[in-house]
There are 2 protein chains.
Amino acid sequence: MDAPIAKLPPPPYYAVIFTSLRTDGDSGYDAMGDRMFTLAQQQDGFLGFESVRDGLGITISYWRDLESIRAWRAHAEHLEAQRLGREQWYSAYSLRVAKVEYSHDWPARQI
Amino acid sequence: MDAPIAKLPPPPYYAVIFTSLRTDGDSGYDAMGDRMFTLAQQQDGFLGFESVRDGLGITISYWRDLESIRAWRAHAEHLEAQRLGREQWYSAYSLRVAKVEYSHDWPARQI
């Protein structure tokens, strides 16, 4: 599930910033994370993904538009993962939806 | 420099998403990181900060508006840190400026 720096098209596009603190133990968390990453990649409008955890976890998924974000939020398997997240895996989280207006890559990238 | 989930006002506000890969060694990186965090907090329009590294690093700073982001980017000490970052500390990075349109905290927060 580790991802490098995402290679994305030029803006505008959307970022879903998910910042979280975990409860103790795994309880299927890693397997579900892998499944959600695989599933997200298959969704229309998915552009990329960055994720790191060291105590605090930050996962950012990138999407073409708000419609593709809404469709992903309402995906049946994802809804179940969201429910389990609140019940078992997270002690707290914040979700922020943001429109990327500007980006800069160093070293410069060929797209 | 470790930060928990940022407590932010209701949107809209801006996020600067800085995703990076480090070179080997410290070379003053941690000290500069601490200094930049302290300095950023003193800037007009600074709202909050989230940062994690485990190989990939994701640092998100939150700002009131584009003007405050521009002023911080042009701050003399920060410009020097940016120069050292390219010369010494980072093998690659991406910087994305995004307007946060929606946020959701769980458990719900009193603001």
# chains A, B, ... in the order shown; residues from 1 in each chain; ligands from 1
call {"tool": "closest_atom_pairs", "arguments": {"of": "chain A", "to": "chain B", "cutoff": "9 Å", "atoms": "only C-alpha atoms", "output": "Markdown table"}}
result
| residue | atom | partner | partner_atom | distance |
| --- | --- | --- | --- | --- |
| A:Asp2 | CA | B:Leu56 | CA | 8.6 |
| A:Ala3 | CA | B:Leu56 | CA | 7.9 |
| A:Pro4 | CA | B:Leu56 | CA | 6.4 |
| A:Ile5 | CA | B:Thr19 | CA | 6.4 |
| A:Ala6 | CA | B:Ser94 | CA | 8.5 |
| A:Tyr14 | CA | B:Ala98 | CA | 8.0 |
| A:Ala15 | CA | B:Ala98 | CA | 7.7 |
| A:Thr19 | CA | B:Ile5 | CA | 6.4 |
| A:Ser20 | CA | B:Ile5 | CA | 7.0 |
| A:Leu21 | CA | B:Ile5 | CA | 8.0 |
| A:Glu50 | CA | B:Ile58 | CA | 8.3 |
| A:Ser51 | CA | B:Ile58 | CA | 8.0 |
| A:Val52 | CA | B:Asp54 | CA | 6.2 |
| A:Arg53 | CA | B:Val52 | CA | 6.5 |
| A:Asp54 | CA | B:Val52 | CA | 6.2 |
| A:Gly55 | CA | B:Val52 | CA | 8.2 |
| A:Leu56 | CA | B:Pro4 | CA | 6.5 |
| A:Gly57 | CA | B:Val52 | CA | 7.0 |
| A:Ile58 | CA | B:Val52 | CA | 7.1 |
| A:Thr59 | CA | B:Ile58 | CA | 8.9 |
| A:Arg86 | CA | B:Trp106 | CA | 8.1 |
| A:Ser91 | CA | B:Pro107 | CA | 8.1 |
| A:Ala92 | CA | B:Trp106 | CA | 5.5 |
| A:Tyr93 | CA | B:Trp106 | CA | 5.3 |
| A:Ser94 | CA | B:Asp105 | CA | 4.4 |
| A:Leu95 | CA | B:His104 | CA | 5.2 |
| A:Arg96 | CA | B:Ser103 | CA | 4.3 |
| A:Val97 | CA | B:Tyr102 | CA | 5.2 |
| A:Ala98 | CA | B:Val100 | CA | 3.9 |
| A:Lys99 | CA | B:Ala98 | CA | 5.0 |
| A:Val100 | CA | B:Ala98 | CA | 3.9 |
| A:Glu101 | CA | B:Ala98 | CA | 5.5 |
| A:Tyr102 | CA | B:Val97 | CA | 5.2 |
| A:Ser103 | CA | B:Arg96 | CA | 4.3 |
| A:His104 | CA | B:Leu95 | CA | 5.2 |
| A:Asp105 | CA | B:Ser94 | CA | 4.4 |
| A:Trp106 | CA | B:Tyr93 | CA | 5.3 |
| A:Pro107 | CA | B:Ala92 | CA | 6.1 |
call {"tool": "write_last_selection", "arguments": {"atoms": "C-alpha atoms", "output": "mmCIF file, in the first residue's frame"}}
result
data_model
loop_
_atom_site.group_PDB
_atom_site.id
_atom_site.type_symbol
_atom_site.label_atom_id
_atom_site.label_comp_id
_atom_site.auth_asym_id
_atom_site.auth_seq_id
_atom_site.Cartn_x
_atom_site.Cartn_y
_atom_site.Cartn_z
ATOM 1 C CA ASP A 2 3.030 2.284 0.234
ATOM 2 C CA ALA A 3 2.963 4.754 -2.614
ATOM 3 C CA PRO A 4 5.665 7.123 -3.901
ATOM 4 C CA ILE A 5 5.012 10.708 -4.923
ATOM 5 C CA ALA A 6 1.938 10.576 -7.157
ATOM 6 C CA TYR A 14 -9.228 17.324 -6.503
ATOM 7 C CA ALA A 15 -7.464 16.005 -3.423
ATOM 8 C CA THR A 19 -5.681 12.467 8.348
ATOM 9 C CA SER A 20 -6.150 9.839 11.047
ATOM 10 C CA LEU A 21 -5.090 8.345 14.352
ATOM 11 C CA GLU A 50 -0.072 9.100 -1.464
ATOM 12 C CA SER A 51 -0.032 7.588 2.013
ATOM 13 C CA VAL A 52 2.244 7.663 5.062
ATOM 14 C CA ARG A 53 1.748 6.662 8.680
ATOM 15 C CA ASP A 54 4.019 7.169 11.667
ATOM 16 C CA GLY A 55 1.554 7.506 14.509
ATOM 17 C CA LEU A 56 -0.394 10.152 12.601
ATOM 18 C CA GLY A 57 -1.500 8.871 9.201
ATOM 19 C CA ILE A 58 -1.986 11.045 6.130
ATOM 20 C CA THR A 59 -3.564 9.512 3.041
ATOM 21 C CA ARG A 86 -15.333 4.397 12.822
ATOM 22 C CA SER A 91 -9.756 6.920 17.243
ATOM 23 C CA ALA A 92 -10.098 10.156 15.244
ATOM 24 C CA TYR A 93 -9.914 11.406 11.689
ATOM 25 C CA SER A 94 -10.385 14.474 9.550
ATOM 26 C CA LEU A 95 -11.441 14.383 5.917
ATOM 27 C CA ARG A 96 -10.861 17.406 3.714
ATOM 28 C CA VAL A 97 -11.850 17.801 0.079
ATOM 29 C CA ALA A 98 -9.747 20.358 -1.756
ATOM 30 C CA LYS A 99 -9.411 21.622 -5.322
ATOM 31 C CA VAL A 100 -5.777 21.632 -6.436
ATOM 32 C CA GLU A 101 -5.164 24.895 -8.280
ATOM 33 C CA TYR A 102 -1.380 24.849 -8.636
ATOM 34 C CA SER A 103 1.334 22.201 -8.616
ATOM 35 C CA HIS A 104 5.077 22.176 -8.951
ATOM 36 C CA ASP A 105 7.321 19.116 -9.242
ATOM 37 C CA TRP A 106 11.032 19.088 -8.540
ATOM 38 C CA PRO A 107 12.925 17.874 -10.462
#
call {"tool": "residues_around", "arguments": {"residues": "segment 33-37 of chain B", "least_positions_apart": "6", "cutoff": "9 Å", "atoms": "only C-alpha atoms", "output": "list in words"}}
result
Met1, Phe49, Glu77, His78 and Ala81 of chain B
call {"tool": "select_by_dssp", "arguments": {"residues": "chain B", "states": "helix (DSSP H, G or I)", "output": "VMD selection string"}}
result
chain B and resid 29 to 41 66 to 73 76 to 89
call {"tool": "write_last_selection", "arguments": {"atoms": "C-alpha atoms", "output": "compact mmCIF listing (two decimals), in the first residue's frame"}}
result
# COMPACT_ATOMS: atom_id res chain seq x y z
CA TYR B 29 17.42 19.07 8.16
CA ASP B 30 15.68 18.44 11.48
CA ALA B 31 16.83 21.72 12.98
CA MET B 32 15.69 23.63 9.89
CA GLY B 33 12.37 21.78 9.94
CA ASP B 34 11.78 22.84 13.53
CA ARG B 35 12.76 26.42 12.70
CA MET B 36 10.45 26.53 9.66
CA PHE B 37 7.55 25.19 11.74
CA THR B 38 8.13 27.84 14.43
CA LEU B 39 8.43 30.58 11.81
CA ALA B 40 5.37 29.44 9.83
CA GLN B 41 3.24 29.58 12.97
CA LEU B 66 -3.44 32.60 -1.29
CA GLU B 67 -1.93 35.90 -0.17
CA SER B 68 -0.66 34.41 3.09
CA ILE B 69 0.80 31.44 1.16
CA ARG B 70 2.58 33.78 -1.25
CA ALA B 71 4.01 35.83 1.61
CA TRP B 72 5.32 32.68 3.33
CA ARG B 73 6.89 31.38 0.12
CA ALA B 76 13.72 35.32 3.38
CA GLU B 77 14.52 32.50 5.81
CA HIS B 78 12.05 30.21 4.06
CA LEU B 79 13.62 30.97 0.67
CA GLU B 80 16.97 29.89 2.08
CA ALA B 81 15.40 26.67 3.41
CA GLN B 82 13.87 26.03 -0.02
CA ARG B 83 17.29 26.46 -1.63
CA LEU B 84 18.94 24.06 0.83
CA GLY B 85 16.09 21.62 0.28
CA ARG B 86 16.83 21.39 -3.42
CA GLU B 87 20.61 21.32 -2.90
CA GLN B 88 20.84 18.90 0.00
CA TRP B 89 17.76 17.44 1.62
call {"tool": "select_by_dssp", "arguments": {"residues": "chain A", "states": "strand (DSSP E or B)", "output": "ChimeraX atom specification"}}
result
/A:13-22,46-54,56-63,90-106
call {"tool": "atom_distance", "arguments": {"atom1": "atom CA of Pro10 of chain B", "atom2": "atom CA of Gln43 of chain B"}}
result
19.6 Å
